[in-house]
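Notes for the one structure printed next.
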Amino acid sequence: MSADPSVLGAGTKAASARVLDMINRKRAGRPLPPDDFDQVITDFVAGCIPDYQMSAWLATVACQGLSTEELVALTRAYTRGGGALDLDRLDGPVIDKHSTGGVGDTTTLIVVPVVAACGSPVVKMTGRALGFAGGTLDKLESLRGFRPYLAPEEIVPMTRSVGMVITGQSAELTPGDGATYALRDVTATVESIPLIAASIISKKIAVRAQGLVLDVKTGSGALIPDYDHSVQLTRTMLDLATAFGLSARAVLSDMSQPLGPAVGNALEIRQALAVLRGERTPGLWDLCATLCRLMLQSVDPHLTDDEAMKRIDRVLDDGSAHETFVRWAVAQGADATVLETGQLPQAARRSTVKAAESGWITRIDPRAIGNATLMVGAGRLTHDDSLDYGAGVVLSHRVGDRVDKGDVLAELHYDTGDADGARALVQSAFGFGDKPQAAPVAVHQIFGP
Ligand code: URA
């Protein structure tokens, strides 16, 4: 998106002058009128503002915050010039969900087919991993043949035929967010409440599903680790959704340890398929069950908690949630034999990490586990890195478990990369105490009407 400073035309010079003026006003604590947000985002998308000036603008917003009016204006500006999915063409209400992302968090691959199997279509746009947290699109690409990006016009027919769609985020729907998110990623401006809220809600405006459930993570592996700030992010997103006429509920969920035992692309697909075959994996399933219930209730407010849970249990136990996943993945290009035989990519090497002492597990640091998977190629440090789909970590325990010295804590799956460094990082992720420790709850709070 960057303008070339050596060939600045008159329009580009004017855009640069405007963005510098906005930075000065924001830094001085003066309010910015809504039109200024439209202008700066339009200019940036058009390539009239160099990245270094836009980075300074984003950093100023991240430091100074935004008023409610400014946040609404930025969110609207992100969607300018983009399209919207025409989900009204589907017969019934459609549901969307969004998570702020974490480690071992394969919820999308579970809740979307479960809710679809319950008869409520789901359309989910999703992203890739960068840094220690995983990305749904990367996980799905470990299914040979899977097409990660659908054209907007394919989404309605696909939802009609298989009940669900999970597709890569189209930057065409929210061009402003597409352009600024790429820059935020490399300028340490992701972790900002207003910037996260505007980015996520702008995408929800473009999808315009009738039901929306947000999953906001809190804890050391979350984008916003501090509990009170996570609550603030949740409330900010819900208020913003309301300002745009979207009805949303939110879950504040725990990311103080990896959500599920598997961390890594194909490993997480296997984990999701195991849950869809009926395995209620502690932590992971606890959150999925709450999300599925809220998603069903988002389009059927009279559905009681018990009724919703009965439906959810039925589709897990009778195999229809698993069948929905397979039908959908094959419709989106995945090789059916991979799903029938479970032949997902596997790393050639394994190495165990054992407890160096006896005691109760008090800590499993999700960032350290996520970073260990990066060291063996399961994630990406830059946009151009290629992935080892079979690599990752499988944890044998959760916080609160009692272990004896020498018990296996985790297994590293790898082909290449710094396996010794990764093993040391996994070891360092664990903390032990000499007293029983309560396991953290998967769901801290539920927000919304
Ligand atoms: N996910 C998004 O889509 N945007 C953010 O800013 C952070 C997480």
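Naming scheme: A, B, ... for chains in displayed order of the structure tokens; residues 1 onward per chain; ligands 1 onward as shown.
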
message: Applying 8 Å and only C-alpha atoms, which residues near Lys26 of chain A remain after dropping the ones on its own chain fewer than 5 positions away? List them as an NGL selection string.
response: :A and (31-32 or 60-61 or 64)

task: Using backbone DSSP assignments, extract all strand (DSSP E or B) residues from segment 37-156 of chain A; output them as a PyMOL selection string.
output: chain A and resi 95-99+122-126+130+133

List every residue of chain A that has an atom at most 6 Å from any atom of ligand 1, and for each one report the closest atom pair and its distance in Å to one decimal, counting only C-alpha atoms and all ligand atoms, with rows sorted by chain and then by increasing residue number, as CSV.
```
residue,atom,partner,partner_atom_place_in_ligand_line,distance
A:Thr100,CA,ligand 1,8 (C),4.9
A:Val190,CA,ligand 1,6 (O),5.5
A:Leu195,CA,ligand 1,6 (O),5.8
A:Ile196,CA,ligand 1,6 (O),3.5
A:Ser199,CA,ligand 1,4 (N),4.7
A:Ile200,CA,ligand 1,3 (O),4.6
```

field: Residues near Arg184 of chain A, cut-off 8 Å, only C-alpha atoms, skip fewer than 4 positions along chain, as a PyMOL selection string
entry: chain A and resi 55+58+180+188-190

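Checking A:Glu323, A:Asp404, A:Asp215, A:Asp228 one by one against Ala116 of chain A, counting only C-alpha atoms, you find the shortest gap at A:Glu323.
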
task: Identify, on the basis of only C-alpha atoms, every residue whose closest approach to Arg76 of chain A does not exceed 12 Å; exclude the query and any residue fewer than 2 positions from it along the same chain; express the result as a PyMOL selection string.
output: chain A and resi 34-39+41-42+69-74+78-82+174-177+197-206+240-241+243-244

May I have the selected residues written with N, CA, C and O atoms, as a compact mmCIF listing (two decimals), in the first residue's frame?
```txt
# COMPACT_ATOMS: atom_id res chain seq x y z
N PRO A 34 -15.30 12.48 12.13
CA PRO A 34 -15.46 11.20 11.42
C PRO A 34 -14.88 11.22 10.01
O PRO A 34 -14.26 10.26 9.56
N ASP A 35 -15.07 12.34 9.27
CA ASP A 35 -14.60 12.38 7.87
C ASP A 35 -13.09 12.16 7.76
O ASP A 35 -12.60 11.66 6.75
N ASP A 36 -12.36 12.58 8.79
CA ASP A 36 -10.90 12.42 8.75
C ASP A 36 -10.52 10.94 8.68
O ASP A 36 -9.54 10.56 8.03
N PHE A 37 -11.31 10.09 9.39
CA PHE A 37 -10.99 8.65 9.38
C PHE A 37 -11.23 8.07 7.98
O PHE A 37 -10.43 7.30 7.47
N ASP A 38 -12.35 8.48 7.39
CA ASP A 38 -12.65 8.02 6.02
C ASP A 38 -11.50 8.39 5.09
O ASP A 38 -11.04 7.58 4.29
N GLN A 39 -11.06 9.64 5.24
CA GLN A 39 -10.04 10.16 4.34
C GLN A 39 -8.71 9.40 4.50
O GLN A 39 -8.11 8.96 3.53
N ILE A 41 -8.07 6.45 5.76
CA ILE A 41 -8.11 5.04 5.35
C ILE A 41 -8.23 4.93 3.82
O ILE A 41 -7.54 4.13 3.18
N THR A 42 -9.08 5.79 3.23
CA THR A 42 -9.20 5.78 1.76
C THR A 42 -7.84 6.10 1.11
O THR A 42 -7.42 5.44 0.17
N GLU A 69 -17.20 7.88 19.22
CA GLU A 69 -17.50 8.41 17.87
C GLU A 69 -16.35 8.10 16.92
O GLU A 69 -16.56 7.74 15.77
N GLU A 70 -15.12 8.27 17.43
CA GLU A 70 -13.96 8.02 16.56
C GLU A 70 -13.87 6.53 16.20
O GLU A 70 -13.54 6.18 15.06
N LEU A 71 -14.19 5.67 17.17
CA LEU A 71 -14.11 4.23 16.92
C LEU A 71 -15.14 3.81 15.86
O LEU A 71 -14.84 3.02 14.95
N VAL A 72 -16.35 4.35 15.96
CA VAL A 72 -17.39 4.05 14.97
C VAL A 72 -16.91 4.55 13.59
O VAL A 72 -17.04 3.84 12.58
N ALA A 73 -16.32 5.74 13.57
CA ALA A 73 -15.87 6.31 12.29
C ALA A 73 -14.76 5.45 11.67
O ALA A 73 -14.75 5.19 10.46
N LEU A 74 -13.82 4.98 12.50
CA LEU A 74 -12.73 4.14 11.97
C LEU A 74 -13.30 2.82 11.44
O LEU A 74 -12.92 2.34 10.36
N TYR A 78 -13.08 1.40 7.58
CA TYR A 78 -12.48 0.12 7.16
C TYR A 78 -13.34 -0.59 6.11
O TYR A 78 -12.82 -1.34 5.29
N THR A 79 -14.65 -0.39 6.19
CA THR A 79 -15.54 -1.13 5.27
C THR A 79 -15.77 -0.36 3.96
O THR A 79 -16.32 -0.93 3.02
N ARG A 80 -15.41 0.92 3.91
CA ARG A 80 -15.64 1.74 2.70
C ARG A 80 -14.99 1.11 1.47
O ARG A 80 -13.84 0.67 1.54
N GLY A 81 -15.76 1.10 0.39
CA GLY A 81 -15.21 0.58 -0.87
C GLY A 81 -15.23 -0.94 -0.93
O GLY A 81 -14.85 -1.54 -1.93
N GLY A 82 -15.68 -1.58 0.14
CA GLY A 82 -15.75 -3.05 0.13
C GLY A 82 -17.16 -3.52 -0.12
O GLY A 82 -18.11 -2.73 -0.12
N THR A 174 -13.39 -5.78 3.33
CA THR A 174 -13.03 -4.67 4.23
C THR A 174 -11.62 -4.21 3.85
O THR A 174 -10.65 -4.53 4.53
N PRO A 175 -11.52 -3.48 2.72
CA PRO A 175 -10.19 -3.15 2.21
C PRO A 175 -9.34 -2.37 3.21
O PRO A 175 -8.13 -2.57 3.30
N GLY A 176 -9.98 -1.51 3.98
CA GLY A 176 -9.22 -0.69 4.95
C GLY A 176 -8.59 -1.56 6.02
O GLY A 176 -7.43 -1.37 6.40
N ASP A 177 -9.35 -2.55 6.49
CA ASP A 177 -8.79 -3.45 7.51
C ASP A 177 -7.69 -4.31 6.91
O ASP A 177 -6.64 -4.51 7.53
N ALA A 197 -10.87 -3.92 18.01
CA ALA A 197 -12.34 -3.86 17.92
C ALA A 197 -12.78 -3.42 16.53
O ALA A 197 -13.66 -4.04 15.91
N ALA A 198 -12.16 -2.37 16.00
CA ALA A 198 -12.55 -1.88 14.66
C ALA A 198 -12.27 -2.93 13.60
O ALA A 198 -13.08 -3.15 12.69
N SER A 199 -11.12 -3.61 13.72
CA SER A 199 -10.74 -4.62 12.73
C SER A 199 -11.75 -5.77 12.72
O SER A 199 -12.25 -6.17 11.66
N ILE A 200 -12.06 -6.29 13.89
CA ILE A 200 -12.96 -7.46 13.94
C ILE A 200 -14.38 -7.07 13.56
O ILE A 200 -15.03 -7.73 12.74
N ILE A 201 -14.89 -5.98 14.14
CA ILE A 201 -16.31 -5.65 13.88
C ILE A 201 -16.50 -5.21 12.42
O ILE A 201 -17.55 -5.48 11.83
N SER A 202 -15.50 -4.58 11.80
CA SER A 202 -15.68 -4.21 10.39
C SER A 202 -15.91 -5.47 9.54
O SER A 202 -16.73 -5.48 8.63
N LYS A 203 -15.20 -6.55 9.89
CA LYS A 203 -15.37 -7.80 9.11
C LYS A 203 -16.75 -8.40 9.37
O LYS A 203 -17.36 -8.99 8.49
N LYS A 204 -17.24 -8.24 10.58
CA LYS A 204 -18.57 -8.78 10.91
C LYS A 204 -19.66 -7.97 10.19
O LYS A 204 -20.69 -8.52 9.81
N ILE A 205 -19.41 -6.67 10.00
CA ILE A 205 -20.38 -5.84 9.27
C ILE A 205 -20.46 -6.33 7.82
O ILE A 205 -21.54 -6.40 7.24
N ALA A 206 -19.31 -6.69 7.25
CA ALA A 206 -19.30 -7.14 5.85
C ALA A 206 -20.01 -8.49 5.70
O ALA A 206 -20.65 -8.73 4.69
N LEU A 240 -19.75 -1.69 19.86
CA LEU A 240 -19.52 -1.33 18.47
C LEU A 240 -20.46 -2.13 17.56
O LEU A 240 -21.04 -1.57 16.61
N ALA A 241 -20.61 -3.42 17.86
CA ALA A 241 -21.54 -4.25 17.06
C ALA A 241 -22.93 -3.64 17.14
O ALA A 241 -23.63 -3.48 16.12
N ALA A 243 -23.77 -0.57 17.71
CA ALA A 243 -23.81 0.70 16.97
C ALA A 243 -24.06 0.46 15.48
O ALA A 243 -24.59 1.32 14.78
N PHE A 244 -23.67 -0.73 15.00
CA PHE A 244 -23.89 -1.04 13.58
C PHE A 244 -25.08 -1.98 13.38
O PHE A 244 -25.22 -2.60 12.32
```

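Neighbours of Ser253 of chain A closer than or equal to 8 Å, with only C-alpha atoms counted and sequence neighbours fewer than 3 positions away skipped, come out as Asp215, Val216, Lys217, Thr218, Leu287, Ala442, Val443, His444 and Gln445 of chain A.
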
- prompt: Between A:Glu191, A:Ser358, A:Gln343, A:Pro152, which one has atoms that come closest to Ala62 of chain A, using only C-alpha atoms?
  reply: A:Glu191
